[in-house]
file model.cif (mmCIF, C-alpha atoms and all ligand atoms)
data_final
loop_
_atom_site.group_PDB
_atom_site.id
_atom_site.type_symbol
_atom_site.label_atom_id
_atom_site.label_comp_id
_atom_site.auth_asym_id
_atom_site.auth_seq_id
_atom_site.Cartn_x
_atom_site.Cartn_y
_atom_site.Cartn_z
ATOM 1 C CA MET A 16 0.000 0.000 0.000
ATOM 2 C CA PRO A 17 1.434 3.445 -0.884
ATOM 3 C CA ARG A 18 2.624 5.494 2.030
ATOM 4 C CA VAL A 19 0.523 8.472 3.028
ATOM 5 C CA VAL A 20 3.440 10.847 2.375
ATOM 6 C CA ASP A 21 3.842 9.499 -1.158
ATOM 7 C CA GLU A 22 0.130 9.884 -1.822
ATOM 8 C CA VAL A 23 0.125 13.488 -0.600
ATOM 9 C CA VAL A 24 3.199 14.391 -2.651
ATOM 10 C CA LYS A 25 1.602 12.821 -5.741
ATOM 11 C CA GLU A 26 -1.643 14.679 -5.115
ATOM 12 C CA LEU A 27 0.187 17.993 -4.747
ATOM 13 C CA THR A 28 2.271 17.295 -7.850
ATOM 14 C CA ASP A 29 -0.924 16.669 -9.839
ATOM 15 C CA VAL A 30 -2.362 19.918 -8.475
ATOM 16 C CA PHE A 31 0.676 21.895 -9.616
ATOM 17 C CA ARG A 32 0.912 20.093 -12.965
ATOM 18 C CA THR A 33 -2.686 20.879 -13.898
ATOM 19 C CA ALA A 34 -3.089 24.364 -12.392
ATOM 20 C CA SER A 35 -2.997 27.257 -14.837
ATOM 21 C CA HIS A 36 -0.845 29.383 -12.524
ATOM 22 C CA LYS A 37 1.053 29.020 -9.257
ATOM 23 C CA ARG A 38 -1.348 30.957 -7.054
ATOM 24 C CA GLY A 39 -4.143 28.743 -8.367
ATOM 25 C CA ALA A 40 -2.065 25.703 -7.477
ATOM 26 C CA HIS A 41 -1.665 26.955 -3.911
ATOM 27 C CA ALA A 42 -5.420 27.548 -3.673
ATOM 28 C CA ASP A 43 -6.073 23.999 -4.926
ATOM 29 C CA ALA A 44 -3.461 22.603 -2.520
ATOM 30 C CA ARG A 45 -5.242 24.102 0.490
ATOM 31 C CA PRO A 46 -7.691 21.181 1.083
ATOM 32 C CA VAL A 47 -4.842 18.683 0.628
ATOM 33 C CA LEU A 48 -2.784 20.407 3.327
ATOM 34 C CA GLU A 49 -5.809 20.718 5.591
ATOM 35 C CA GLN A 50 -6.430 16.979 5.259
ATOM 36 C CA VAL A 51 -2.812 16.256 6.207
ATOM 37 C CA SER A 52 -3.447 18.065 9.507
ATOM 38 C CA ARG A 53 -6.116 15.422 10.201
ATOM 39 C CA THR A 54 -3.927 12.483 9.178
ATOM 40 C CA PRO A 55 -1.420 11.672 11.956
ATOM 41 C CA ALA A 56 0.124 8.909 9.792
ATOM 42 C CA PHE A 57 1.657 11.600 7.588
ATOM 43 C CA LEU A 58 3.604 13.039 10.508
ATOM 44 C CA SER A 59 4.601 9.575 11.755
ATOM 45 C CA GLU A 60 5.890 8.524 8.346
ATOM 46 C CA ALA A 61 7.814 11.752 7.861
ATOM 47 C CA LEU A 62 9.461 11.502 11.284
ATOM 48 C CA GLU A 63 10.121 7.751 10.866
ATOM 49 C CA ALA A 64 11.970 8.447 7.632
ATOM 50 C CA TYR A 65 13.960 11.347 9.011
ATOM 51 C CA VAL A 66 14.756 10.954 12.723
ATOM 52 C CA PRO A 67 16.772 7.679 12.687
ATOM 53 C CA THR A 68 19.399 9.100 10.309
ATOM 54 C CA THR A 69 22.876 10.420 11.039
ATOM 55 C CA GLU A 70 21.889 13.654 9.301
ATOM 56 C CA ALA A 71 19.027 14.284 11.712
ATOM 57 C CA LEU A 72 20.830 13.036 14.795
ATOM 58 C CA ASN A 73 24.091 14.918 14.193
ATOM 59 C CA ARG A 74 22.652 18.340 13.432
ATOM 60 C CA SER A 75 23.498 21.446 15.421
ATOM 61 C CA ASN A 76 20.626 23.277 17.031
ATOM 62 C CA TYR A 77 18.543 25.834 15.158
ATOM 63 C CA PRO A 78 15.392 27.416 16.655
ATOM 64 C CA VAL A 79 13.143 25.576 14.173
ATOM 65 C CA ILE A 80 13.718 21.929 13.284
ATOM 66 C CA ALA A 81 13.157 21.505 9.545
ATOM 67 C CA VAL A 82 12.274 18.045 8.219
ATOM 68 C CA PRO A 83 12.526 17.839 4.397
ATOM 69 C CA ILE A 84 9.677 15.871 2.799
ATOM 70 C CA ALA A 85 9.803 16.423 -0.955
ATOM 71 C CA SER A 86 11.642 18.505 -3.519
ATOM 72 C CA ASN A 87 10.618 18.567 -7.193
ATOM 73 C CA PRO A 88 10.449 21.073 -10.068
ATOM 74 C CA TYR A 89 7.088 22.354 -8.814
ATOM 75 C CA PHE A 90 7.486 22.728 -5.067
ATOM 76 C CA GLU A 91 9.357 22.042 -1.867
ATOM 77 C CA LEU A 92 7.543 20.442 1.045
ATOM 78 C CA VAL A 93 8.977 20.608 4.558
ATOM 79 C CA LEU A 94 7.872 20.155 8.156
ATOM 80 C CA ASN A 95 8.835 22.967 10.509
ATOM 81 C CA CYS A 96 8.897 22.045 14.198
ATOM 82 C CA TRP A 97 8.570 25.100 16.462
ATOM 83 C CA ILE A 98 9.908 24.930 20.010
ATOM 84 C CA PRO A 99 8.348 27.326 22.584
ATOM 85 C CA LEU A 100 10.327 29.813 24.640
ATOM 86 C CA PRO A 101 11.536 28.490 28.011
ATOM 87 C CA ASN A 102 8.955 30.700 29.785
ATOM 88 C CA ARG A 103 6.278 29.933 27.161
ATOM 89 C CA ALA A 104 5.865 33.641 26.395
ATOM 90 C CA THR A 105 3.747 34.306 23.297
ATOM 91 C CA HIS A 106 4.579 37.944 22.565
ATOM 92 C CA ILE A 107 8.125 37.578 21.167
ATOM 93 C CA SER A 108 8.910 37.262 17.449
ATOM 94 C CA THR A 109 10.689 34.104 16.265
ATOM 95 C CA LYS A 110 12.749 36.030 13.697
ATOM 96 C CA ALA A 111 12.990 39.376 11.946
ATOM 97 C CA ILE A 112 10.054 40.678 9.913
ATOM 98 C CA HIS A 113 10.849 39.345 6.447
ATOM 99 C CA HIS A 114 9.477 38.428 3.061
ATOM 100 C CA HIS A 115 10.430 35.682 0.642
ATOM 101 C CA GLY A 116 10.759 37.694 -2.552
ATOM 102 C CA THR A 117 9.027 35.890 -5.413
ATOM 103 C CA MET A 118 8.345 32.726 -3.416
ATOM 104 C CA LEU A 119 4.803 31.634 -2.512
ATOM 105 C CA LEU A 120 4.152 29.782 0.758
ATOM 106 C CA SER A 121 1.188 27.757 1.947
ATOM 107 C CA THR A 122 1.452 26.585 5.538
ATOM 108 C CA ALA A 123 -0.773 24.244 7.545
ATOM 109 C CA THR A 124 -0.528 23.703 11.291
ATOM 110 C CA ILE A 125 -0.606 19.924 11.671
ATOM 111 C CA PHE A 126 0.350 19.560 15.331
ATOM 112 C CA GLY A 127 0.116 21.652 18.506
ATOM 113 C CA PRO A 128 -1.515 25.016 19.190
ATOM 114 C CA GLY A 129 0.328 26.808 16.364
ATOM 115 C CA TYR A 130 1.797 30.296 16.408
ATOM 116 C CA GLU A 131 0.408 33.765 15.874
ATOM 117 C CA HIS A 132 1.242 35.119 12.457
ATOM 118 C CA TRP A 133 1.580 38.824 11.595
ATOM 119 C CA LEU A 134 1.281 39.837 7.950
ATOM 120 C CA PHE A 135 2.166 43.272 6.582
ATOM 121 C CA THR A 136 1.887 45.221 3.360
ATOM 122 C CA ARG A 137 4.949 45.413 1.119
ATOM 123 C CA PRO A 138 7.562 47.544 2.913
ATOM 124 C CA ARG A 139 8.150 50.993 1.354
ATOM 125 C CA PRO A 140 11.007 53.372 2.229
ATOM 126 C CA VAL A 141 9.906 56.622 3.876
ATOM 127 C CA ASP A 142 13.078 58.565 3.048
ATOM 128 C CA THR A 143 15.448 58.648 0.078
ATOM 129 C CA GLN A 144 18.228 57.005 2.066
ATOM 130 C CA GLY A 145 15.942 54.098 2.936
ATOM 131 C CA THR A 146 16.847 54.217 6.613
ATOM 132 C CA ARG A 147 13.236 53.656 7.669
ATOM 133 C CA TYR A 148 10.428 51.716 6.055
ATOM 134 C CA ARG A 149 6.671 51.944 6.364
ATOM 135 C CA MET A 150 4.285 49.010 6.310
ATOM 136 C CA GLN A 151 0.739 48.444 7.427
ATOM 137 C CA LEU A 152 -0.593 45.500 9.345
ATOM 138 C CA LEU A 153 -2.691 43.220 7.144
ATOM 139 C CA GLU A 154 -3.424 40.641 9.792
ATOM 140 C CA ALA A 155 -2.337 39.504 13.237
ATOM 141 C CA ALA A 156 -4.043 36.174 13.708
ATOM 142 C CA LYS A 157 -3.636 32.701 15.114
ATOM 143 C CA HIS A 158 -2.399 29.967 12.806
ATOM 144 C CA PRO A 159 -4.002 27.183 14.838
ATOM 145 C CA LEU A 160 -4.260 23.428 14.314
ATOM 146 C CA HIS A 161 -5.846 22.545 10.910
ATOM 147 C CA HIS A 162 -5.553 26.152 9.713
ATOM 148 C CA VAL A 163 -3.977 26.749 6.302
ATOM 149 C CA ALA A 164 -2.420 30.153 5.582
ATOM 150 C CA PHE A 165 -1.112 31.539 2.313
ATOM 151 C CA VAL A 166 1.773 34.022 2.238
ATOM 152 C CA ASP A 167 2.012 35.762 -1.118
ATOM 153 C CA ALA A 168 5.236 36.934 -2.762
ATOM 154 C CA TRP A 169 6.793 40.033 -1.176
ATOM 155 C CA VAL A 170 4.385 39.969 1.776
ATOM 156 C CA ALA A 171 6.327 40.850 4.924
ATOM 157 C CA HIS A 172 5.464 38.638 7.858
ATOM 158 C CA VAL A 173 6.681 37.279 11.154
ATOM 159 C CA PRO A 174 5.652 34.300 13.306
ATOM 160 C CA ILE A 175 5.399 34.865 17.062
ATOM 161 C CA TYR A 176 6.603 32.169 19.455
ATOM 162 C CA PRO A 177 3.899 29.541 20.161
ATOM 163 C CA SER A 178 2.794 28.537 23.662
ATOM 164 C CA ASP A 179 3.800 24.917 23.077
ATOM 165 C CA ALA A 180 5.573 22.692 20.563
ATOM 166 C CA SER A 181 3.894 23.066 17.187
ATOM 167 C CA ILE A 182 4.481 21.674 13.705
ATOM 168 C CA THR A 183 3.612 23.320 10.414
ATOM 169 C CA LEU A 184 3.723 21.777 6.957
ATOM 170 C CA ALA A 185 5.164 24.339 4.557
ATOM 171 C CA LEU A 186 4.578 24.151 0.806
ATOM 172 C CA TRP A 187 6.923 26.451 -1.125
ATOM 173 C CA SER A 188 6.974 27.317 -4.790
ATOM 174 C CA ASP A 189 8.138 30.100 -6.998
ATOM 175 C CA SER A 190 5.404 32.427 -8.265
ATOM 176 C CA SER A 191 6.461 32.122 -11.919
ATOM 177 C CA PRO A 192 5.401 29.157 -14.107
ATOM 178 C CA THR A 193 7.432 25.962 -13.937
ATOM 179 C CA THR A 194 9.373 25.608 -17.189
ATOM 180 C CA TRP A 195 11.635 23.018 -18.817
ATOM 181 C CA LYS A 196 14.536 24.774 -17.076
ATOM 182 C CA ASP A 197 13.194 23.687 -13.695
ATOM 183 C CA TYR A 198 13.510 20.068 -14.858
ATOM 184 C CA VAL A 199 16.832 20.372 -16.639
ATOM 185 C CA LYS A 200 18.617 22.046 -13.768
ATOM 186 C CA ARG A 201 17.575 19.214 -11.468
ATOM 187 C CA ILE A 202 18.629 16.218 -13.549
ATOM 188 C CA PRO A 203 22.450 16.105 -13.402
ATOM 189 C CA ALA A 204 22.802 17.128 -9.804
ATOM 190 C CA LEU A 205 19.572 15.947 -8.263
ATOM 191 C CA LYS A 206 21.181 14.179 -5.360
ATOM 192 C CA ARG A 207 23.745 16.863 -4.762
ATOM 193 C CA ARG A 208 21.073 19.547 -4.863
ATOM 194 C CA ASP A 209 18.999 17.709 -2.295
ATOM 195 C CA ARG A 210 22.037 17.516 -0.097
ATOM 196 C CA VAL A 211 22.756 21.207 -0.575
ATOM 197 C CA LEU A 212 19.123 22.055 0.101
ATOM 198 C CA ARG A 213 19.120 20.090 3.323
ATOM 199 C CA LYS A 214 22.322 21.812 4.380
ATOM 200 C CA LEU A 215 20.721 25.169 3.738
ATOM 201 C CA VAL A 216 17.612 24.080 5.580
ATOM 202 C CA VAL A 217 19.749 23.266 8.581
ATOM 203 C CA ARG A 218 21.541 26.551 8.446
ATOM 204 C CA ALA A 219 18.813 29.034 7.750
ATOM 205 C CA GLY A 220 15.340 27.523 7.673
ATOM 206 C CA LEU A 221 13.802 26.603 4.345
ATOM 207 C CA GLY A 222 12.300 29.971 3.535
ATOM 208 C CA ASN A 223 15.631 31.679 3.662
ATOM 209 C CA ALA A 224 17.243 28.908 1.696
ATOM 210 C CA LEU A 225 14.759 29.171 -1.137
ATOM 211 C CA ALA A 226 14.895 32.930 -1.353
ATOM 212 C CA VAL A 227 18.610 33.087 -2.103
ATOM 213 C CA LYS A 228 18.028 34.172 -5.681
ATOM 214 C CA VAL A 229 16.129 37.255 -4.540
ATOM 215 C CA VAL A 230 18.595 40.117 -4.553
ATOM 216 C CA ASP A 231 16.733 42.786 -2.621
ATOM 217 C CA THR A 232 15.310 40.735 0.200
ATOM 218 C CA HIS A 233 15.350 42.700 3.404
ATOM 219 C CA ASP A 234 14.767 41.768 6.950
ATOM 220 C CA PHE A 235 13.253 44.434 9.164
ATOM 221 C CA TYR A 236 13.077 45.171 12.834
ATOM 222 C CA PRO A 237 10.828 47.703 14.567
ATOM 223 C CA SER A 238 12.040 51.010 15.986
ATOM 224 C CA PRO A 239 10.063 53.908 17.541
ATOM 225 C CA THR A 240 10.532 55.800 14.237
ATOM 226 C CA GLY A 241 9.549 53.041 11.810
ATOM 227 C CA PHE A 242 10.900 49.752 10.514
ATOM 228 C CA VAL A 243 14.653 49.474 10.044
ATOM 229 C CA PRO A 244 15.880 47.428 7.054
ATOM 230 C CA MET A 245 18.785 45.036 7.310
ATOM 231 C CA LYS A 246 20.596 44.360 4.033
ATOM 232 C CA GLN A 247 22.373 41.487 5.661
ATOM 233 C CA ARG A 248 20.377 38.873 7.502
ATOM 234 C CA GLU A 249 21.469 38.412 11.076
ATOM 235 C CA GLU A 250 21.585 34.677 11.410
ATOM 236 C CA PHE A 251 21.002 32.799 14.619
ATOM 237 C CA PRO A 252 24.146 31.120 15.926
ATOM 238 C CA LEU A 253 23.889 27.341 15.768
ATOM 239 C CA GLY A 254 23.525 25.687 19.157
ATOM 240 C CA SER A 255 24.877 22.369 20.383
ATOM 241 C CA ASN A 256 23.933 18.972 19.005
ATOM 242 C CA GLU A 257 22.729 18.023 22.499
ATOM 243 C CA ASP A 258 20.201 20.878 22.455
ATOM 244 C CA HIS A 259 19.023 19.813 19.001
ATOM 245 C CA LEU A 260 18.588 16.208 20.145
ATOM 246 C CA GLN A 261 16.579 17.404 23.134
ATOM 247 C CA SER A 262 14.131 19.200 20.791
ATOM 248 C CA LEU A 263 14.081 16.358 18.246
ATOM 249 C CA PHE A 264 13.140 13.735 20.846
ATOM 250 C CA CYS A 265 10.642 16.148 22.395
ATOM 251 C CA ILE A 266 8.888 16.238 18.991
ATOM 252 C CA VAL A 267 9.043 12.436 18.676
ATOM 253 C CA GLN A 268 7.509 12.046 22.127
ATOM 254 C CA ARG A 269 4.905 14.777 21.908
ATOM 255 C CA THR A 270 3.596 13.484 18.576
ATOM 256 C CA GLY A 271 3.168 9.989 20.056
ATOM 257 C CA ASN A 272 5.848 8.344 17.933
ATOM 258 C CA GLU A 273 7.624 6.364 20.669
ATOM 259 C CA GLN A 274 8.172 3.515 18.169
ATOM 260 C CA ILE A 275 10.820 5.671 16.478
ATOM 261 C CA ALA A 276 12.842 5.861 19.704
ATOM 262 C CA ARG A 277 12.325 2.153 20.417
ATOM 263 C CA ASN A 278 13.514 1.093 16.960
ATOM 264 C CA LEU A 279 16.426 3.512 17.118
ATOM 265 C CA LEU A 280 17.714 2.025 20.383
ATOM 266 C CA GLY A 281 18.287 -1.267 18.566
ATOM 267 C CA ARG A 282 20.547 0.253 15.928
ATOM 268 C CA VAL A 283 22.421 3.150 17.537
ATOM 269 C CA ASP A 284 25.716 1.251 17.086
ATOM 270 C CA GLN A 285 25.199 1.184 13.321
ATOM 271 C CA LEU A 286 25.115 4.990 13.090
ATOM 272 C CA ALA A 287 28.138 7.291 13.236
ATOM 273 C CA LEU A 288 26.743 9.632 15.865
ATOM 274 C CA LYS A 289 28.329 12.679 17.477
ATOM 275 C CA ASN A 290 26.683 11.999 20.801
ATOM 276 C CA PRO A 291 25.498 8.386 20.969
ATOM 277 C CA ALA A 292 25.144 8.470 24.765
ATOM 278 C CA THR A 293 22.757 11.456 24.557
ATOM 279 C CA VAL A 294 20.740 9.718 21.818
ATOM 280 C CA VAL A 295 20.438 6.569 23.938
ATOM 281 C CA ARG A 296 19.462 8.576 27.025
ATOM 282 C CA LEU A 297 16.777 10.608 25.243
ATOM 283 C CA ALA A 298 15.415 7.646 23.266
ATOM 284 C CA GLY A 299 15.217 5.791 26.586
ATOM 285 C CA GLN A 300 13.299 8.698 28.145
ATOM 286 C CA VAL A 301 10.838 8.617 25.266
ATOM 287 C CA THR A 302 10.277 4.857 25.511
ATOM 288 C CA SER A 303 9.849 5.013 29.302
ATOM 289 C CA GLY A 304 7.439 7.951 29.128
ATOM 290 C CA THR A 305 9.711 10.395 30.943
ATOM 291 C CA PRO A 306 8.930 13.865 29.553
ATOM 292 C CA VAL A 307 11.541 15.368 27.196
ATOM 293 C CA GLU A 308 11.383 19.162 26.895
ATOM 294 C CA GLY A 309 12.443 21.003 23.746
ATOM 295 C CA ARG A 310 15.442 23.273 24.144
ATOM 296 C CA LEU A 311 16.319 26.501 22.371
ATOM 297 C CA SER A 312 20.005 27.390 22.611
ATOM 298 C CA ALA A 313 21.552 30.626 23.887
ATOM 299 C CA GLY A 314 21.213 33.278 21.179
ATOM 300 C CA HIS A 315 18.058 31.728 19.731
ATOM 301 C CA TYR A 316 15.564 33.953 21.468
ATOM 302 C CA ASP A 317 17.424 37.088 22.494
ATOM 303 C CA LEU A 318 18.794 38.361 19.184
ATOM 304 C CA PRO A 319 17.805 42.061 19.363
ATOM 305 C CA HIS A 320 16.899 42.442 15.676
ATOM 306 C CA ALA A 321 15.090 39.119 15.431
ATOM 307 C CA ASN A 322 13.396 38.596 18.775
ATOM 308 C CA PHE A 323 11.301 41.643 19.617
ATOM 309 C CA THR A 324 7.957 42.158 21.289
ATOM 310 C CA ALA A 325 4.558 42.478 19.647
ATOM 311 C CA ASP A 326 4.263 45.877 21.376
ATOM 312 C CA SER A 327 7.410 47.144 19.677
ATOM 313 C CA ILE A 328 5.914 46.170 16.296
ATOM 314 C CA ARG A 329 2.726 48.094 17.151
ATOM 315 C CA GLU A 330 4.807 51.111 18.183
ATOM 316 C CA SER A 331 6.620 51.032 14.837
ATOM 317 C CA LEU A 332 3.354 50.677 12.910
ATOM 318 C CA ASN A 333 1.877 53.668 14.769
ATOM 319 C CA ALA A 334 4.971 55.849 14.299
ATOM 320 C CA LEU A 335 4.356 56.232 10.553
ATOM 321 C CA GLU A 336 0.615 55.920 10.469
ATOM 322 C CA ASN A 337 -0.013 59.470 9.278
HETATM 323 FE FE FE B 401 8.790 33.453 6.446
#

call {"tool": "encode", "arguments": {"input": "model.cif", "output": "structure tokens"}}
result
Amino acid sequence: MPRVVDEVVKELTDVFRTASHKRGAHADARPVLEQVSRTPAFLSEALEAYVPTTEALNRSNYPVIAVPIASNPYFELVLNCWIPLPNRATHISTKAIHHHGTMLLSTATIFGPGYEHWLFTRPRPVDTQGTRYRMQLLEAAKHPLHHVAFVDAWVAHVPIYPSDASITLALWSDSSPTTWKDYVKRIPALKRRDRVLRKLVVRAGLGNALAVKVVDTHDFYPSPTGFVPMKQREEFPLGSNEDHLQSLFCIVQRTGNEQIARNLLGRVDQLALKNPATVVRLAGQVTSGTPVEGRLSAGHYDLPHANFTADSIRESLNALEN
């Protein structure tokens, strides 16, 4: 019987192949993504394929754990696992206000309470030097379980930290039509590209990775006199592998996939792991039902231009209202 993940990827591929344009494809993909949020087997299969690998188990810590699902000429599909702040605060941004250039994103919350998502109009400079930008708030709304959101090209946005571990399924595509070039460029280096993509995912989160071809992508942070652009993205420092493992096994446990930890314990010796003792300890905690908490690393939630309060965004919006 075909795996649920394979069926979903095929369904989405058919949607993109037959749609007349990319935004139409995202609209048609919405019910598919919504259905995934009601199909726990999808999450189990994705985690079963990913977690017991050296790649997953040897990663350094990044605030969001990205689990690649599919990559083809039409779209990229990835799970993003969001770890809450240590104090569970829900008024701090997870990253800078940003847009993804020409990329289109559909996102479905498939596990947990989900985050609050702020969407803005396209940022416009308010002075000739471009030291401050103006944008208006389009929406500040929950992105709860089963909810599917669409983020159009150039739309500035920012997710706010969730109250508890949450997982979103992100469907990315370019906004321009898929052409023969999208196929040709994949053929000779398909495997290498997947490897490169995963590397980028680890380093920067998928959205950033896919927006590399956009030259004038800006990140923004709020100030009392308007939004300040950053030509250069301030990246989060990578945390330890131990912290990453803590979050990874938290996700395995919280999603009820103890079988992954149980099966892993039988084959830890076959994997070239950085920290086999930590893997064994955490997998043991999962199998015995001892709670494993996710862990953000130092520098993951106190970067001044990435982690700011909802109030400071409001202040910046109000500063240039007139
Ligand atoms: Fe984003």

call {"tool": "residues_around", "arguments": {"input": "model.cif", "residues": "Pro67 in chain A", "least_positions_apart": "4", "cutoff": "9 Å", "atoms": "all atoms listed in the file", "output": "list in words"}}
result
Leu62, Glu63, Ala71, Leu72, Ile275, Ala276, Asn278, Leu279, Arg282, Val283 and Leu286 of chain A

call {"tool": "residues_near_ligand", "arguments": {"input": "model.cif", "ligand": "ligand FE 401 (chain B)", "cutoff": "7 Å", "atoms": "only C-alpha atoms and all ligand atoms", "output": "VMD selection string"}}
result
chain A and resid 113 to 115 172 to 173 222

call {"tool": "residues_near_point", "arguments": {"input": "model.cif", "point": "(6.5, 47.8, 20.4)", "cutoff": "12 Å", "atoms": "all atoms listed in the file", "output": "PDB file with C-alpha atoms, keeping the file's coordinate frame"}}
result
ATOM      1  CA  HIS A 106       4.579  37.944  22.565  1.00  0.00           C
ATOM      2  CA  ILE A 107       8.125  37.578  21.167  1.00  0.00           C
ATOM      3  CA  SER A 108       8.910  37.262  17.449  1.00  0.00           C
ATOM      4  CA  TYR A 236      13.077  45.171  12.834  1.00  0.00           C
ATOM      5  CA  PRO A 237      10.828  47.703  14.567  1.00  0.00           C
ATOM      6  CA  SER A 238      12.040  51.010  15.986  1.00  0.00           C
ATOM      7  CA  PRO A 239      10.063  53.908  17.541  1.00  0.00           C
ATOM      8  CA  THR A 240      10.532  55.800  14.237  1.00  0.00           C
ATOM      9  CA  GLY A 241       9.549  53.041  11.810  1.00  0.00           C
ATOM     10  CA  PHE A 242      10.900  49.752  10.514  1.00  0.00           C
ATOM     11  CA  ASN A 322      13.396  38.596  18.775  1.00  0.00           C
ATOM     12  CA  PHE A 323      11.301  41.643  19.617  1.00  0.00           C
ATOM     13  CA  THR A 324       7.957  42.158  21.289  1.00  0.00           C
ATOM     14  CA  ALA A 325       4.558  42.478  19.647  1.00  0.00           C
ATOM     15  CA  ASP A 326       4.263  45.877  21.376  1.00  0.00           C
ATOM     16  CA  SER A 327       7.410  47.144  19.677  1.00  0.00           C
ATOM     17  CA  ILE A 328       5.914  46.170  16.296  1.00  0.00           C
ATOM     18  CA  ARG A 329       2.726  48.094  17.151  1.00  0.00           C
ATOM     19  CA  GLU A 330       4.807  51.111  18.183  1.00  0.00           C
ATOM     20  CA  SER A 331       6.620  51.032  14.837  1.00  0.00           C
ATOM     21  CA  LEU A 332       3.354  50.677  12.910  1.00  0.00           C
ATOM     22  CA  ASN A 333       1.877  53.668  14.769  1.00  0.00           C
ATOM     23  CA  ALA A 334       4.971  55.849  14.299  1.00  0.00           C
TER      24      ALA A 334
END

call {"tool": "atom_distance", "arguments": {"input": "model.cif", "atom1": "CA of His259 in chain A", "atom2": "CA of His158 in chain A"}}
result
24.5 Å

call {"tool": "closest_residue", "arguments": {"input": "model.cif", "among": "A:Gly129, A:Pro138, A:Pro244, A:Pro78", "to": "Ser312 in chain A", "atoms": "only C-alpha atoms"}}
result
A:Pro78

call {"tool": "resolve_selection", "arguments": {"input": "model.cif", "expression": "the PyMOL selection byres (((chain A and resi 273) around 12) and not hetatm)", "output": "number ranges by chain"}}
result
A: 59, 62-63, 66, 264-272, 274-280, 297-307

call {"tool": "closest_residue", "arguments": {"input": "model.cif", "among": "A:Leu335, A:Ala44, A:Met245, A:Val20", "to": "Glu60 in chain A", "atoms": "all atoms listed in the file"}}
result
A:Val20

call {"tool": "closest_residue", "arguments": {"input": "model.cif", "among": "A:Thr146, A:Asn102, A:Ser181, A:Ser75", "to": "Gly127 in chain A", "atoms": "only C-alpha atoms"}}
result
A:Ser181

call {"tool": "residues_around", "arguments": {"input": "model.cif", "residues": "Pro174 in chain A", "least_positions_apart": "3", "cutoff": "9 Å", "atoms": "only C-alpha atoms", "output": "PDB file with C-alpha atoms, in the frame of the given file"}}
result
ATOM      1  CA  ILE A 107       8.125  37.578  21.167  1.00  0.00           C
ATOM      2  CA  SER A 108       8.910  37.262  17.449  1.00  0.00           C
ATOM      3  CA  THR A 109      10.689  34.104  16.265  1.00  0.00           C
ATOM      4  CA  LYS A 110      12.749  36.030  13.697  1.00  0.00           C
ATOM      5  CA  ILE A 112      10.054  40.678   9.913  1.00  0.00           C
ATOM      6  CA  TYR A 130       1.797  30.296  16.408  1.00  0.00           C
ATOM      7  CA  GLU A 131       0.408  33.765  15.874  1.00  0.00           C
ATOM      8  CA  HIS A 132       1.242  35.119  12.457  1.00  0.00           C
ATOM      9  CA  TRP A 133       1.580  38.824  11.595  1.00  0.00           C
ATOM     10  CA  LEU A 134       1.281  39.837   7.950  1.00  0.00           C
ATOM     11  CA  PRO A 177       3.899  29.541  20.161  1.00  0.00           C
TER      12      PRO A 177
END

call {"tool": "closest_residue", "arguments": {"input": "model.cif", "among": "A:Gln261, A:Thr28, A:Ser255, A:Thr293", "to": "Gly314 in chain A", "atoms": "all atoms listed in the file"}}
result
A:Ser255

call {"tool": "resolve_selection", "arguments": {"input": "model.cif", "expression": "the PyMOL selection byres (((chain A and resi 164) around 6) and not hetatm)", "output": "list in words"}}
result
Ser121, Thr122, Val163 and Phe165 of chain A
